[in-house]
Amino acid sequence: MPGIRPTLADLNDIFDFIATLIMSGDDKKDTVGSRITPVTSPLSLDEEKQPPLAFGDFEHEVGIDLYVEGKGVEWTAEEEKTILRKLDLRILPVFCITQGLAFLDKTALNYGNLFGMKAGLHVTGAQFSCYLFAAYPVGRLMQKYPTGKVLGCLAFFWGIVCMTTAACDSFAGGMVNRVILGALEAGVTPGLGLMTPFWWTKQETPVRHLSWVLGAITTLWGIFQFFYLPDGPASARFLTKAEKVIAVKRVAGNNTGTKNTQFKPEQVKEALMDPKLYILSIASVAAQIPNGVVSTFCLVWSGYLAGRWKNSRAIMMFIGTATCIVAAAALTYAPKDQTWGRLVAFWFTSFQSVGFALNLVMVSANVGGYTKRNTITTVTFIGYCAGNIAGPHVLIASEKPNYPTATKAMMAGYVVKTAAHLILAMYMVLSNRKRDRRAVERGEVLSEKERNAKAEEIGMADTTDFNNPYFRYSL
């Protein structure tokens with residue numbers, strides 16, 4: 001009706017309506033096994049040395065009940081291997097296929113262009129850009145409601161929208177179709193990035209992250225996700241009661257907490273004040289301008305190396321982007337008759353995937369507080385989208401076949417990305433040293449194991465990395 005404007009209350013009503021679908025069939029929380037000794041009081045913290053902390057938010061913190069009841073529980077290496085094997089066989093394939101379907105949906109447009117789709121829709125190169133705007137709203141949905149069910153609903157509807165692409169016969173129809181599809185796919189990469197640390201530790205995360213990034217079917221897959229993908233270890237039917245406790249305790253050692261369903265504006269404010277947000281966003285934009293020229297798969301091998309050696313993520317990011325700088329320079333300045341040399345240089349630009357994938361790993365490993373982590377993940381993903389939008393515009397038709405402007409833009413993007421990664425590494429090293437000095441000033445003499453235990457307890461209360469004095473950044 002004229003004169004009526006939607007309000008925040010209307011939006012909340014819409015969210016609640018969607019929740020009636022998402023929450024139906026939600027798993028009931030299990031109690032822990034008989035070998036777990038329940039703890040009836042919250043974990044004690046030294047208030048003189050810690051910020052104010054409301055530990056034990058059982059209403060919003062996913063898995064906190066299992067963590068508290070499982071305090072003091074120890075497990076064998078064989079038990080941990082059993083749980084890890086179950087996670088890799090049950091959860092990782094879902095992540096890989098979901099990301100793979102999103103990748104196929106995006107690249108299908110490029111193949112359509114080869115077969116005349118661009119001419120058939122009567123669009124220009126500038127009109128062929130797709131703008132993504134729904135990353136943060138979708139992230140809020142995944143925070144408030146079970147993440148697997150939200151992703152399942154998104155995949156179901158994006159499959160339907162993808163099938164309707166064939167019916168588009170004009171620019172207006174194609175643009176509406178792609179905008180809706182982009183909004184539905186907006187939660188895939190950020191959502192999987194947020195869910196990865198629910199299941200795997202910091203050491204296990206890099207290779208899993210880079211694996212799922214590699215990785216009428218989409219609609220069917222959405223139905224499967226809705227009913228199969230758990231929101232976290234607490235609701236995983238394939239784990240026994242005791243295994244759920246161990247699974248939660250394992251990832252509690254990440255010191256960043258798990259999932260908290262309560263939106264916290266103060267964490268958004270802190271995220272906007274965190275240098276990591278801007279550094280990672282700049283790196284994403286710089287990386288995806290070249291990616292708009294050439295799309296590649298991530299390199300799982302670098303993820304394996306980054307997870308095997310402690311504090312090697314920043315080194316792997318530097319190696320990947322430095323390789324790309326050399327490759328882009330060869331493409332730009334090598335003699336034009338050196339066809340094979342230029343082709344090999346082009347192949348080496350594939351290393352740019354390492355930096356972006358490890359960008360996501362840096363967020364999951366180094367940002368505490370679910371709302372803050374969601375905010376930084378979303379802004380980083382927006383940078384990814386902005387770079388992909390800008391990238392195709394440096395391909396100037398009159399410069400074919402060598403495209404010097406494009407290769408120079410690639411090289412410039414890689415240089416900016418490398419500088420951003422170096423600044424990020426320096427920032428985290430200096431922050432760790434500052435935290436160590438403050439610990440000495442407080443008179444604390446703690447072993448690394450003792451400090452990690454305190455950081456774990458505080459992190460499970462959905463505390464941000466800024467407010468956790470025992471948190472140390474992982475390079």
# chains A, B, ... in the order shown; residues from 1 in each chain; ligands from 1
$ residues_around --residues "Val62 of chain A" --least-positions-apart "6" --cutoff "8 Å" --atoms "only C-alpha atoms" --output "list in words"
Gly232, Ala234, Thr258, Lys259, Asn260 and Thr261 of chain A
$ write_last_selection --atoms "N, CA, C and O atoms" --output "PDB file, in the first residue's frame"
ATOM      1  N   GLY A 232      26.793 -28.579  14.168  1.00  0.00           N
ATOM      2  CA  GLY A 232      28.051 -28.684  14.899  1.00  0.00           C
ATOM      3  C   GLY A 232      28.135 -30.057  15.534  1.00  0.00           C
ATOM      4  O   GLY A 232      27.197 -30.864  15.414  1.00  0.00           O
ATOM      5  N   ALA A 234      27.647 -31.043  18.478  1.00  0.00           N
ATOM      6  CA  ALA A 234      26.607 -31.318  19.466  1.00  0.00           C
ATOM      7  C   ALA A 234      25.377 -31.975  18.853  1.00  0.00           C
ATOM      8  O   ALA A 234      24.651 -32.704  19.538  1.00  0.00           O
ATOM      9  N   THR A 258      32.995 -21.467  19.388  1.00  0.00           N
ATOM     10  CA  THR A 258      32.360 -22.168  18.267  1.00  0.00           C
ATOM     11  C   THR A 258      31.313 -21.247  17.651  1.00  0.00           C
ATOM     12  O   THR A 258      31.643 -20.231  17.079  1.00  0.00           O
ATOM     13  N   LYS A 259      30.057 -21.584  17.769  1.00  0.00           N
ATOM     14  CA  LYS A 259      28.993 -20.745  17.201  1.00  0.00           C
ATOM     15  C   LYS A 259      28.137 -20.184  18.319  1.00  0.00           C
ATOM     16  O   LYS A 259      27.741 -20.910  19.234  1.00  0.00           O
ATOM     17  N   ASN A 260      27.844 -18.909  18.262  1.00  0.00           N
ATOM     18  CA  ASN A 260      26.928 -18.263  19.200  1.00  0.00           C
ATOM     19  C   ASN A 260      25.793 -17.657  18.395  1.00  0.00           C
ATOM     20  O   ASN A 260      26.016 -16.879  17.465  1.00  0.00           O
ATOM     21  N   THR A 261      24.547 -18.005  18.754  1.00  0.00           N
ATOM     22  CA  THR A 261      23.392 -17.588  17.958  1.00  0.00           C
ATOM     23  C   THR A 261      22.933 -16.171  18.258  1.00  0.00           C
ATOM     24  O   THR A 261      22.023 -15.669  17.600  1.00  0.00           O
TER      25      THR A 261
END
$ residues_around --residues "segment 73-82 of chain A" --least-positions-apart "3" --cutoff "10 Å" --atoms "only C-alpha atoms" --output "MDAnalysis selection string"
chainID A and resid 35:37 67 69:70 85:87 239 242:243 245:247 249:250
$ write_last_selection --atoms "all heavy atoms" --output "compact mmCIF listing (two decimals), in the first residue's frame"
# COMPACT_ATOMS: atom_id res chain seq x y z
N ARG A 35 30.90 -41.91 31.04
CA ARG A 35 32.24 -41.69 31.56
C ARG A 35 32.54 -40.22 31.76
O ARG A 35 33.63 -39.86 32.20
CB ARG A 35 33.30 -42.33 30.66
CG ARG A 35 33.56 -41.62 29.34
CD ARG A 35 34.51 -42.46 28.52
NE ARG A 35 34.87 -41.82 27.27
CZ ARG A 35 35.97 -41.12 27.09
NH1 ARG A 35 36.80 -40.92 28.08
NH2 ARG A 35 36.24 -40.59 25.91
N ILE A 36 31.58 -39.31 31.46
CA ILE A 36 31.76 -37.89 31.64
C ILE A 36 31.21 -37.46 32.99
O ILE A 36 30.07 -37.77 33.33
CB ILE A 36 31.05 -37.09 30.54
CG1 ILE A 36 31.47 -37.62 29.18
CG2 ILE A 36 31.31 -35.62 30.67
CD1 ILE A 36 32.95 -37.52 28.93
N THR A 37 31.98 -36.78 33.78
CA THR A 37 31.53 -36.26 35.07
C THR A 37 30.98 -34.86 34.90
O THR A 37 31.70 -33.95 34.51
CB THR A 37 32.71 -36.22 36.07
OG1 THR A 37 33.26 -37.52 36.17
CG2 THR A 37 32.22 -35.74 37.43
N TYR A 67 31.00 -28.80 26.51
CA TYR A 67 32.34 -28.37 26.93
C TYR A 67 32.44 -28.33 28.45
O TYR A 67 33.41 -28.81 29.04
CB TYR A 67 32.65 -26.99 26.35
CG TYR A 67 33.98 -26.44 26.81
CD1 TYR A 67 35.18 -26.88 26.24
CD2 TYR A 67 34.05 -25.52 27.85
CE1 TYR A 67 36.40 -26.41 26.68
CE2 TYR A 67 35.28 -25.03 28.30
CZ TYR A 67 36.44 -25.47 27.70
OH TYR A 67 37.64 -24.99 28.16
N GLU A 69 30.45 -29.82 30.76
CA GLU A 69 30.30 -31.15 31.37
C GLU A 69 31.51 -32.03 31.11
O GLU A 69 31.77 -32.97 31.86
CB GLU A 69 29.04 -31.82 30.81
CG GLU A 69 27.75 -31.14 31.26
CD GLU A 69 26.52 -31.89 30.79
OE1 GLU A 69 26.51 -33.13 30.90
OE2 GLU A 69 25.59 -31.22 30.32
N GLY A 70 32.25 -31.73 30.06
CA GLY A 70 33.41 -32.56 29.73
C GLY A 70 34.72 -32.03 30.26
O GLY A 70 35.78 -32.49 29.84
N ARG A 85 38.37 -39.19 11.49
CA ARG A 85 38.01 -39.97 10.31
C ARG A 85 36.52 -39.83 10.00
O ARG A 85 36.12 -39.69 8.84
CB ARG A 85 38.39 -41.43 10.52
CG ARG A 85 38.16 -42.31 9.30
CD ARG A 85 38.91 -43.63 9.41
NE ARG A 85 38.60 -44.34 10.65
CZ ARG A 85 39.46 -44.50 11.64
NH1 ARG A 85 40.68 -43.99 11.55
NH2 ARG A 85 39.11 -45.15 12.73
N LYS A 86 35.71 -39.83 11.04
CA LYS A 86 34.26 -39.67 10.84
C LYS A 86 33.95 -38.29 10.26
O LYS A 86 33.11 -38.15 9.36
CB LYS A 86 33.52 -39.86 12.16
CG LYS A 86 33.42 -41.30 12.63
CD LYS A 86 32.55 -41.40 13.88
CE LYS A 86 32.35 -42.85 14.29
NZ LYS A 86 31.46 -42.96 15.48
N LEU A 87 34.60 -37.26 10.79
CA LEU A 87 34.36 -35.90 10.31
C LEU A 87 34.78 -35.76 8.85
O LEU A 87 34.08 -35.14 8.04
CB LEU A 87 35.12 -34.89 11.17
CG LEU A 87 34.77 -34.85 12.66
CD1 LEU A 87 35.59 -33.76 13.37
CD2 LEU A 87 33.30 -34.60 12.87
N LEU A 239 28.09 -39.25 15.67
CA LEU A 239 29.01 -39.31 16.80
C LEU A 239 28.30 -39.86 18.02
O LEU A 239 27.13 -39.53 18.27
CB LEU A 239 29.57 -37.92 17.12
CG LEU A 239 30.45 -37.24 16.05
CD1 LEU A 239 30.85 -35.84 16.52
CD2 LEU A 239 31.68 -38.07 15.77
N ALA A 242 29.93 -39.74 23.97
CA ALA A 242 31.29 -39.41 24.44
C ALA A 242 32.11 -38.74 23.34
O ALA A 242 32.91 -37.83 23.60
CB ALA A 242 31.99 -40.67 24.94
N GLU A 243 31.91 -39.16 22.10
CA GLU A 243 32.65 -38.57 20.98
C GLU A 243 32.26 -37.12 20.75
O GLU A 243 33.09 -36.30 20.35
CB GLU A 243 32.40 -39.39 19.70
CG GLU A 243 33.12 -40.73 19.69
CD GLU A 243 32.78 -41.57 18.47
OE1 GLU A 243 31.73 -41.32 17.85
OE2 GLU A 243 33.57 -42.48 18.13
N VAL A 245 31.52 -34.95 23.07
CA VAL A 245 32.28 -34.17 24.06
C VAL A 245 33.71 -33.97 23.59
O VAL A 245 34.25 -32.86 23.63
CB VAL A 245 32.26 -34.88 25.44
CG1 VAL A 245 33.15 -34.14 26.44
CG2 VAL A 245 30.83 -34.95 25.97
N ILE A 246 34.35 -35.05 23.12
CA ILE A 246 35.73 -34.95 22.65
C ILE A 246 35.81 -34.03 21.44
O ILE A 246 36.74 -33.21 21.32
CB ILE A 246 36.28 -36.35 22.30
CG1 ILE A 246 36.32 -37.24 23.55
CG2 ILE A 246 37.68 -36.24 21.70
CD1 ILE A 246 36.71 -38.68 23.28
N ALA A 247 34.83 -34.12 20.53
CA ALA A 247 34.84 -33.28 19.33
C ALA A 247 34.76 -31.80 19.70
O ALA A 247 35.46 -30.96 19.11
CB ALA A 247 33.67 -33.65 18.41
N LYS A 249 35.62 -30.49 22.69
CA LYS A 249 36.84 -30.14 23.42
C LYS A 249 38.02 -29.96 22.48
O LYS A 249 38.89 -29.11 22.71
CB LYS A 249 37.16 -31.23 24.45
CG LYS A 249 36.14 -31.36 25.58
CD LYS A 249 36.35 -30.28 26.63
CE LYS A 249 37.59 -30.53 27.44
NZ LYS A 249 37.78 -29.51 28.49
N ARG A 250 38.06 -30.75 21.39
CA ARG A 250 39.15 -30.61 20.42
C ARG A 250 39.18 -29.21 19.82
O ARG A 250 40.22 -28.55 19.81
CB ARG A 250 38.96 -31.63 19.28
CG ARG A 250 39.52 -33.00 19.51
CD ARG A 250 39.12 -33.99 18.43
NE ARG A 250 38.71 -33.41 17.17
CZ ARG A 250 39.53 -33.17 16.15
NH1 ARG A 250 40.81 -33.46 16.25
NH2 ARG A 250 39.06 -32.64 15.04
$ closest_residue --among "A:Arg308, A:Leu358, A:Met410, A:Thr98" --to "Ala328 of chain A" --atoms "only C-alpha atoms"
A:Met410
$ select_by_dssp --residues "segment 289-420 of chain A" --states "alpha helix (DSSP H)" --output "JSON, numbers by chain"
{"A": [289, 290, 291, 300, 301, 302, 303, 304, 305, 306, 307, 308, 313, 314, 315, 316, 317, 318, 319, 320, 321, 322, 323, 324, 325, 326, 327, 328, 329, 330, 331, 332, 333, 339, 340, 341, 342, 343, 344, 345, 346, 347, 348, 352, 353, 354, 355, 356, 357, 358, 359, 360, 361, 362, 363, 364, 365, 366, 370, 371, 372, 373, 374, 375, 376, 377, 378, 379, 380, 381, 382, 383, 384, 385, 386, 387, 388, 389, 390, 404, 405, 406, 407, 408, 409, 410, 411, 412, 413, 414, 415, 416, 417, 418, 419, 420]}
$ closest_residue --among "A:Ala329, A:Val394, A:Ala412, A:Leu280" --to "Ala425 of chain A" --atoms "only C-alpha atoms"
A:Leu280
